[in-house]
Every structure is written in structure tokens, then in C-alpha cells.
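Contents: one structure, followed by commentary.
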Amino acid sequence: MSDGVNFVDRDRRILYWNEGAFRLSGYTAQGLVGRSCQDDILYHVDYEGTRLCQDGCPLSACIDDGRSHEANVFLRHKQGRRVPVNVRAEPLREADGSIVGAIEIFSDDSAQMETSRKIDVMKRLAFLDHLTQLPNRRFVEMSLRTALAEYQVHEDPFGVLAFDLDELKTINDSYGHGCGDRALQEIGKTVAGWLRPTDISAGGAETSSSLSSAT
């Protein structure tokens, strides 16, 4: 199996450690069989940094309640790096139904994590101007529609301020587009610094405007 598989007894002492577990963790069966996962060898942590070997271990949970448990965690590779894995734990039972241990299957979750990261980046870029890192025209238009809808229902007033950078073409022609880009970036920072937390600013090569909620 490409997935990591290990068996533990009720005391969470490791009884079996397969080749897939070695590939994912760097630890051999000879180094782990007979040791307890409570020793925190793999230093499992969740995405919030909680150490699961001491609190929230899926293996411990399924031994206690007899149910399946699944979690997305990081394990510490023998070389020290963090490896994202999906962990699934199932109780192991005797013929009479009594729980004698648990089996844990963990698979590399790096591809899924990278996909999620790319989706988050694409969502963020869809509403950000690449130059100024301020909200773009699409976000402004969406915010305007929301503000107008709220005004029609609640008559909440708002104001809109739109402006251009004078002589931007001259700056580009005289000093290069890199200088013009830096001018837009600095103005974007300045405008964002003027506003209150409830205000919205947007700007860049396509948009130079600010949508501001009025008092």
C-alpha cells in the first residue's frame, strides 16, 4: 500500500508499521514497533497547532468510543519537516466485540493542501488588483450594488469618491512604466491609510476609485 498503516493495542503501543508508513514518516518498523504513540514520536498536530498525541488523538478516541475517526493533521518526518496527512482510525475488536486496539491509516495530503491553497489564491486574486493589492473594479461594483440595495431598504447613506492620477502617462513616458506603477502603489497605500475600517478602497491600472460609507 502507498498509504501508511499501523496497528496499536489498547495502550497505544505500536504493533505493526508498514512500508507506506516508513515512506511518509522516515521511521522504520524496527525503530517504532513496541514503542507507544503517546511518546509523541511523530508529534501529530492539527492545523491550529494542537498536539494531538496528548489531546485529541484519533486512535485514542476510537479505542474509547468504538467509532471511526478521521482528521487532517501534520506529522513530523524523521528529517524534521512537517508532512500533511489525512488520518483514519478504526477500532480493532475480538470476536466477542471487545476493543483490543486500533488501526490507523494515513495518506499524504500534500496535493489536496496545495489545491486548496491555489483555490484560495485564485479567489483572492479575483477581487484584487495585481499592482496595488487593493480591491479591483469587480469588487467595487459588487460593493456598490450592495450599498445601493441597503440604501433602498434602510436608506443608509453612502458616498463615492473617484479620482485619477494626473499626468500618469507623462510619468510613464518620462521615467518608465515601473515608476508609474510605483506611483500608483504609493497612492494606493496613502488612500487605504486615510480610510476607516468600515470603508472600502480600490485602485490600480484599471480602477482608481474609493467607495466610502458616509456618516
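Letters for chains follow the order of the C-alpha cells (A, B, ...), residue numbers begin at 1 for each chain, and ligand numbers begin at 1 in the order shown.
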- Message: Please return, as a VMD selection string, all residues of chain A that DSSP assigns to helix (DSSP H, G or I) on the basis of the backbone.
- Response: chain A and resid 19 to 25 29 to 32 37 to 39 58 to 65 110 to 126 137 to 154 168 to 175 177 to 194
Please save C-alpha atoms of the selected residues as a PDB file, in the first residue's frame.
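What follows is the written file result_35.pdb:
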ATOM      1  CA  GLU A  19       6.375   0.285   4.352  1.00  0.00           C
ATOM      2  CA  GLY A  20       3.976   3.099   3.400  1.00  0.00           C
ATOM      3  CA  ALA A  21       4.238   4.496   6.928  1.00  0.00           C
ATOM      4  CA  PHE A  22       8.026   4.413   6.609  1.00  0.00           C
ATOM      5  CA  ARG A  23       7.921   6.308   3.290  1.00  0.00           C
ATOM      6  CA  LEU A  24       5.671   9.023   4.719  1.00  0.00           C
ATOM      7  CA  SER A  25       7.412   9.415   8.075  1.00  0.00           C
ATOM      8  CA  ALA A  29       9.222  -0.529  11.723  1.00  0.00           C
ATOM      9  CA  GLN A  30      12.321  -1.624  13.664  1.00  0.00           C
ATOM     10  CA  GLY A  31      12.528   1.811  15.248  1.00  0.00           C
ATOM     11  CA  LEU A  32       8.842   2.092  16.228  1.00  0.00           C
ATOM     12  CA  CYS A  37       2.494   6.587  20.131  1.00  0.00           C
ATOM     13  CA  GLN A  38       1.899   8.509  23.375  1.00  0.00           C
ATOM     14  CA  ASP A  39       5.657   9.115  23.342  1.00  0.00           C
ATOM     15  CA  PRO A  58      -7.990   9.789  16.637  1.00  0.00           C
ATOM     16  CA  LEU A  59      -6.550   6.424  17.755  1.00  0.00           C
ATOM     17  CA  SER A  60      -7.298   7.121  21.395  1.00  0.00           C
ATOM     18  CA  ALA A  61     -10.792   8.370  20.530  1.00  0.00           C
ATOM     19  CA  CYS A  62     -11.779   5.258  18.554  1.00  0.00           C
ATOM     20  CA  ILE A  63     -10.458   2.962  21.317  1.00  0.00           C
ATOM     21  CA  ASP A  64     -12.539   4.884  23.856  1.00  0.00           C
ATOM     22  CA  ASP A  65     -15.828   5.128  21.957  1.00  0.00           C
ATOM     23  CA  SER A 110       0.111  17.424   0.226  1.00  0.00           C
ATOM     24  CA  ALA A 111      -1.687  17.506  -3.135  1.00  0.00           C
ATOM     25  CA  GLN A 112      -5.045  18.344  -1.552  1.00  0.00           C
ATOM     26  CA  MET A 113      -3.477  21.058   0.586  1.00  0.00           C
ATOM     27  CA  GLU A 114      -1.747  22.587  -2.435  1.00  0.00           C
ATOM     28  CA  THR A 115      -5.006  22.512  -4.401  1.00  0.00           C
ATOM     29  CA  SER A 116      -6.817  24.279  -1.547  1.00  0.00           C
ATOM     30  CA  ARG A 117      -4.059  26.876  -1.359  1.00  0.00           C
ATOM     31  CA  LYS A 118      -4.289  27.556  -5.108  1.00  0.00           C
ATOM     32  CA  ILE A 119      -8.078  27.896  -4.893  1.00  0.00           C
ATOM     33  CA  ASP A 120      -7.695  30.414  -2.065  1.00  0.00           C
ATOM     34  CA  VAL A 121      -5.130  32.364  -4.100  1.00  0.00           C
ATOM     35  CA  MET A 122      -7.387  32.404  -7.167  1.00  0.00           C
ATOM     36  CA  LYS A 123     -10.340  33.589  -5.084  1.00  0.00           C
ATOM     37  CA  ARG A 124      -8.207  36.353  -3.606  1.00  0.00           C
ATOM     38  CA  LEU A 125      -6.793  37.406  -6.972  1.00  0.00           C
ATOM     39  CA  ALA A 126     -10.276  37.543  -8.486  1.00  0.00           C
ATOM     40  CA  ARG A 137     -13.140  47.073 -10.182  1.00  0.00           C
ATOM     41  CA  ARG A 138     -15.153  43.861  -9.824  1.00  0.00           C
ATOM     42  CA  PHE A 139     -15.121  44.173  -6.034  1.00  0.00           C
ATOM     43  CA  VAL A 140     -16.088  47.869  -6.224  1.00  0.00           C
ATOM     44  CA  GLU A 141     -19.039  47.126  -8.484  1.00  0.00           C
ATOM     45  CA  MET A 142     -20.206  44.340  -6.169  1.00  0.00           C
ATOM     46  CA  SER A 143     -19.849  46.651  -3.151  1.00  0.00           C
ATOM     47  CA  LEU A 144     -21.786  49.416  -4.911  1.00  0.00           C
ATOM     48  CA  ARG A 145     -24.652  47.044  -5.667  1.00  0.00           C
ATOM     49  CA  THR A 146     -24.743  46.004  -2.019  1.00  0.00           C
ATOM     50  CA  ALA A 147     -24.661  49.627  -0.826  1.00  0.00           C
ATOM     51  CA  LEU A 148     -27.464  50.607  -3.202  1.00  0.00           C
ATOM     52  CA  ALA A 149     -29.597  47.663  -2.084  1.00  0.00           C
ATOM     53  CA  GLU A 150     -29.109  48.619   1.574  1.00  0.00           C
ATOM     54  CA  TYR A 151     -29.967  52.230   0.762  1.00  0.00           C
ATOM     55  CA  GLN A 152     -33.196  51.200  -0.942  1.00  0.00           C
ATOM     56  CA  VAL A 153     -34.244  49.113   2.060  1.00  0.00           C
ATOM     57  CA  HIS A 154     -32.820  51.023   5.034  1.00  0.00           C
ATOM     58  CA  LEU A 168       0.362  59.319 -15.261  1.00  0.00           C
ATOM     59  CA  LYS A 169       1.106  58.971 -18.975  1.00  0.00           C
ATOM     60  CA  THR A 170       3.785  61.643 -18.673  1.00  0.00           C
ATOM     61  CA  ILE A 171       5.355  59.785 -15.749  1.00  0.00           C
ATOM     62  CA  ASN A 172       5.349  56.556 -17.744  1.00  0.00           C
ATOM     63  CA  ASP A 173       6.792  58.208 -20.868  1.00  0.00           C
ATOM     64  CA  SER A 174       9.433  60.210 -18.994  1.00  0.00           C
ATOM     65  CA  TYR A 175      10.553  57.799 -16.309  1.00  0.00           C
ATOM     66  CA  HIS A 177       6.241  52.285 -16.546  1.00  0.00           C
ATOM     67  CA  GLY A 178       7.982  50.940 -13.458  1.00  0.00           C
ATOM     68  CA  CYS A 179       7.986  54.433 -11.985  1.00  0.00           C
ATOM     69  CA  GLY A 180       4.315  54.899 -12.882  1.00  0.00           C
ATOM     70  CA  ASP A 181       3.482  51.600 -11.219  1.00  0.00           C
ATOM     71  CA  ARG A 182       5.273  52.663  -8.042  1.00  0.00           C
ATOM     72  CA  ALA A 183       3.352  55.955  -8.052  1.00  0.00           C
ATOM     73  CA  LEU A 184       0.048  54.049  -8.200  1.00  0.00           C
ATOM     74  CA  GLN A 185       1.198  51.722  -5.433  1.00  0.00           C
ATOM     75  CA  GLU A 186       2.176  54.605  -3.129  1.00  0.00           C
ATOM     76  CA  ILE A 187      -1.108  56.428  -3.761  1.00  0.00           C
ATOM     77  CA  GLY A 188      -2.997  53.211  -3.082  1.00  0.00           C
ATOM     78  CA  LYS A 189      -1.234  52.860   0.282  1.00  0.00           C
ATOM     79  CA  THR A 190      -1.988  56.502   1.092  1.00  0.00           C
ATOM     80  CA  VAL A 191      -5.682  56.218   0.260  1.00  0.00           C
ATOM     81  CA  ALA A 192      -6.010  52.974   2.229  1.00  0.00           C
ATOM     82  CA  GLY A 193      -4.399  54.712   5.199  1.00  0.00           C
ATOM     83  CA  TRP A 194      -6.985  57.531   5.138  1.00  0.00           C
TER      84      TRP A 194
END
- Query: When you draw a straight line from CA of Ala95 in chain A to CA of Met1 in chain A, how long is it in Å?
  - Reply: 26.3 Å
- Task: Find the residues near range 66-77 of chain A: any atom within 8 Å, counting only C-alpha atoms, skip ones fewer than 2 places away on the same chain, and give them as a PyMOL selection string.
- Result: chain A and resi 24-27+42-47+58-59+61-64+79-91+99+109
Based on DSSP run over this structure's backbone, return all residues of range 158-190 of chain A in strand (DSSP E), as a tab-separated table (two decimals) with N, CA and C atoms, in the first residue's frame.
chain	number	residue	atom	x	y	z
A	158	PHE	N	-24.43	56.60	1.74
A	158	PHE	CA	-23.03	56.28	1.45
A	158	PHE	C	-22.52	57.28	0.43
A	159	GLY	N	-21.20	57.36	0.34
A	159	GLY	CA	-20.60	58.28	-0.61
A	159	GLY	C	-19.58	57.57	-1.48
A	160	VAL	N	-19.35	58.10	-2.67
A	160	VAL	CA	-18.39	57.53	-3.62
A	160	VAL	C	-17.43	58.62	-4.05
A	161	LEU	N	-16.15	58.35	-3.98
A	161	LEU	CA	-15.11	59.29	-4.42
A	161	LEU	C	-14.29	58.60	-5.49
A	162	ALA	N	-14.21	59.20	-6.68
A	162	ALA	CA	-13.42	58.64	-7.78
A	162	ALA	C	-12.39	59.66	-8.21
Counting only C-alpha atoms, which residues of range 64-173 of chain A fall within 7 Å of range 2-11 of chain A, and what is the closest atom pair for each with its distance in Å at one decimal, ordered by chain and rising number, as a tab-separated table?
residue	atom	partner	partner_atom	distance
A:Val100	CA	A:Arg10	CA	5.6
A:Gly101	CA	A:Asp9	CA	3.9
A:Ala102	CA	A:Val8	CA	5.4
A:Ile103	CA	A:Phe7	CA	4.5
A:Glu104	CA	A:Asn6	CA	5.4
A:Ile105	CA	A:Val5	CA	4.6
A:Phe106	CA	A:Gly4	CA	5.0
A:Ser107	CA	A:Asp3	CA	4.8
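CA of Ile14 in chain A is positioned 11.9 Å from CA of Thr28 in chain A.
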